[in-house]
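I have placed the structure first, in the form of structure tokens, so that the comments after it can refer back to it.
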Amino acid sequence: MKAKYLYILIAVLIGQVMMTSCNNPTEEAKAKYIFLFIGDGMGHTNVFITESYLSYKAGKFGGEQLTFTTFPYQGDVTNYTAESNITCSAAAGTAIATGYKTRSGFIGVDADTVAHPSIAEILKAEGYRIGIMTSVPMNDATPAVFYAHNSSRGNGYEIAQSIANSGFDFVAGNGFKKHKNKAGEYIGDYLAENGMKVCYSQEEFKATSKEDRVVMCEPYNKNVEPMTYFAGAPVPEGHMSISQFLENALDKFGEDPFFIMCEGGEIDWAAHAKKTMPTVMTILEFDNAVRKAYEFYLKHPDETLIVVTADHATGGSSVGSGDTHLYSVDWEPLVSAFEAAGCTNTLNQEDNRKLNDASRIGWTTSDHTGDNVPIYAIGKGAEKFCGRMDNTQIKGKILAE
């Protein structure tokens, strides 16, 4: 009996040590190079589905991983808002960027519409170079919370104007929502007139200097509304991935301290549509960008922090669905249909549902869920990101407050 209690005491002590290392990491200065990746709508099960697909491609039932799921420090993030247990991207993004809970639709302001500085704004004032990039419009909610302060995410033109006022060095994405004001003036022209170099191709970007403040758009989004997500439609000529945007930012910043926020925004769009293969493909593209950052980390392991998380989960997906005891997903119908359509999924809602059912991939909603979301970290200060936390705590952990 004494031995039994001794084992219990040892287990308790080990648990206390592990909890201490997670919740009370060694105090030290923040990283010189900071990457924050946000997979919009990338809940736990959307990650699981993608890894199930990778395992299928490898001829296995499981075991394959994305780059970021191999990171040594992992946790769970609550994301309720000031008014609801189910968030939107604006409220969740504001909580991540500023450390304050807010209402749905608010950008960079708390529930009383008081503006608070974002991680990016604080680091810019400290001399860091700042890069904000996304696979969706640059004035969509998630990128906007890092440079703008507005009581409505719907004020797209005014939000985009804040890019010029932010002082940020590199902002890139799939054009702009509400790209013109009531007078018909294009936001790209406004940004160019207010100190930004607006580029629509790699050639135009390469012609800029290190000192130039750059806005980079997809070439086909010049003076037009952005297109829908590419994993569900043919990829337009000249498409630039977030991996390319990230490489451009790294080339521009050189060895200067930097903060880069990179959003995989199309994950959310694909999951809203309950389209499994587009969701998988957008997460894989997101992971490609994370891999670029990881390669950078391997060259600067003592100075670099990489954090990967999500603002919320979308779609209520599951690996398995229906009233069946066949405990395995059948990827063949999904993959065959996707490849036969030229790697697109333009099916209507009912045909898409039948396709998911045939493969036993479940979807419970076409909107967000209130699930906690994952967080993964590696590098300097990464130990702060293990265990359970709220999204308002991410800012302080990155800034080593």
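Letters A, B, ... go to the chains of the structure tokens in the order shown; residues in each chain start at 1; ligands are counted from 1 in the same order.
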Closest atom pairs, residues of segment 80-149 of chain A within 7 Å of segment 257-263 of chain A, only C-alpha atoms, as a tab-separated table:
```
residue	atom	partner	partner_atom	distance
A:Ala120	CA	A:Phe259	CA	6.7
A:Tyr128	CA	A:Phe258	CA	4.7
A:Arg129	CA	A:Phe258	CA	4.4
A:Ile130	CA	A:Phe259	CA	5.1
A:Gly131	CA	A:Ile260	CA	4.6
A:Ile132	CA	A:Met261	CA	5.0
A:Met133	CA	A:Cys262	CA	4.9
A:Thr134	CA	A:Glu263	CA	4.5
A:Ser135	CA	A:Glu263	CA	6.6
```
For the selection you just gave me, I'd like the residues written to a file as a compact mmCIF listing (two decimals), in the first residue's frame, keeping C-alpha atoms.
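Saved as selection-v8.txt:
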```
# COMPACT_ATOMS: atom_id res chain seq x y z
CA ALA A 120 1.68 44.47 -34.97
CA TYR A 128 10.08 45.66 -36.02
CA ARG A 129 9.28 45.34 -39.72
CA ILE A 130 5.63 44.31 -40.18
CA GLY A 131 4.11 41.99 -42.78
CA ILE A 132 0.39 41.19 -43.00
CA MET A 133 -0.73 38.70 -45.64
CA THR A 134 -3.81 36.67 -46.45
CA SER A 135 -5.32 34.47 -49.15
```
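The neighbours of His300 of chain A here are the residues that come within 12 Å of it, using only C-alpha atoms and leaving out any residue fewer than 2 positions away in the same chain; they are Ala31, Lys32, Tyr33, Ile34, Glu255, Pro257, Ala293, Tyr294, Glu295, Phe296, Tyr297, Leu298, Asp302, Glu303, Thr304, Leu305, Ile306, Ile378, Gly379 and Lys380 of chain A.
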Query raised in the report: At what distance in Å, to one decimal, does atom CA of Gly362 of chain A lie from atom CA of Ala271 of chain A?
Result: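 Distance between the two atoms: 11.4 Å.
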**Report entry** Backbone-only DSSP, strand (DSSP E) members of segment 56-264 of chain A, as a count of residues only
**Finding:** 32
Query raised in the report: Do you know which residues are at most 9 Å from segment 210-225 of chain A counting only C-alpha atoms, after dropping those on the same chain fewer than 5 positions away, and could you put them as number ranges by chain?
Result: A: 133, 137-138, 163-164, 167-180, 186-188, 191-192, 195-202, 205, 236-240, 245, 251-254
**Report entry** d(atom CA of Asn345 of chain A, atom CA of Ala270 of chain A) in Å
**Finding:**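 Those two atoms sit 9.7 Å apart.
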Query raised in the report: Neighbours of Asp357 of chain A within 10 Å (only C-alpha atoms; same-chain residues fewer than 6 positions away dropped), as a PyMOL selection string?
Result: chain A and resi 320-322+329-330+333-334+351+363
Report task. Excluding Gly265 of chain A and any residue of its chain fewer than 4 positions from it, enumerate the residues within 12 Å of it, using only C-alpha atoms, and give them as number ranges by chain. Result -> A: 37-42, 89, 93, 133-143, 173-174, 228-231, 241-242, 261, 269-272, 279, 282-283, 285-286, 310-312, 314
Query - Spatial neighbours of Val373 of chain A, 10 Å, only C-alpha atoms, chain gap at least 6 places, as a PyMOL selection string - result: chain A and resi 41-45+75-79+309-313+390-391
Report task. Output as number ranges by chain all residues of segment 50-256 of chain A that backbone DSSP marks as helix (DSSP H, G or I). Result -> A: 50-57, 68-70, 89-98, 119-125, 141-144, 156-166, 187-193, 202-206, 219-221, 230-232, 242-253
Query - Spatial neighbours of segment 94-104 of chain A, 7 Å, only C-alpha atoms, chain gap at least 2 places, as number ranges by chain - result: A: 81-83, 87-88, 90-92, 106-111, 116-119, 145-146, 391-395
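Atom to atom, atom CA of Tyr376 of chain A and atom CA of Thr69 of chain A stand 6.8 Å apart.
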Query - A:Ser318, A:Asn352, A:Thr344, A:Ser152 ranked by distance to Lys274 of chain A, top pick (using only C-alpha atoms) - result: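 Among the listed residues, the smallest separation from Lys274 of chain A belongs to A:Asn352.
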Query raised in the report: With distances taken over only C-alpha atoms, which of A:Gln74, A:Val308, A:Glu158, A:Lys292 is nearest to Arg388 of chain A?
Result: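 Of the candidates, the smallest distance to Arg388 of chain A is held by A:Gln74.
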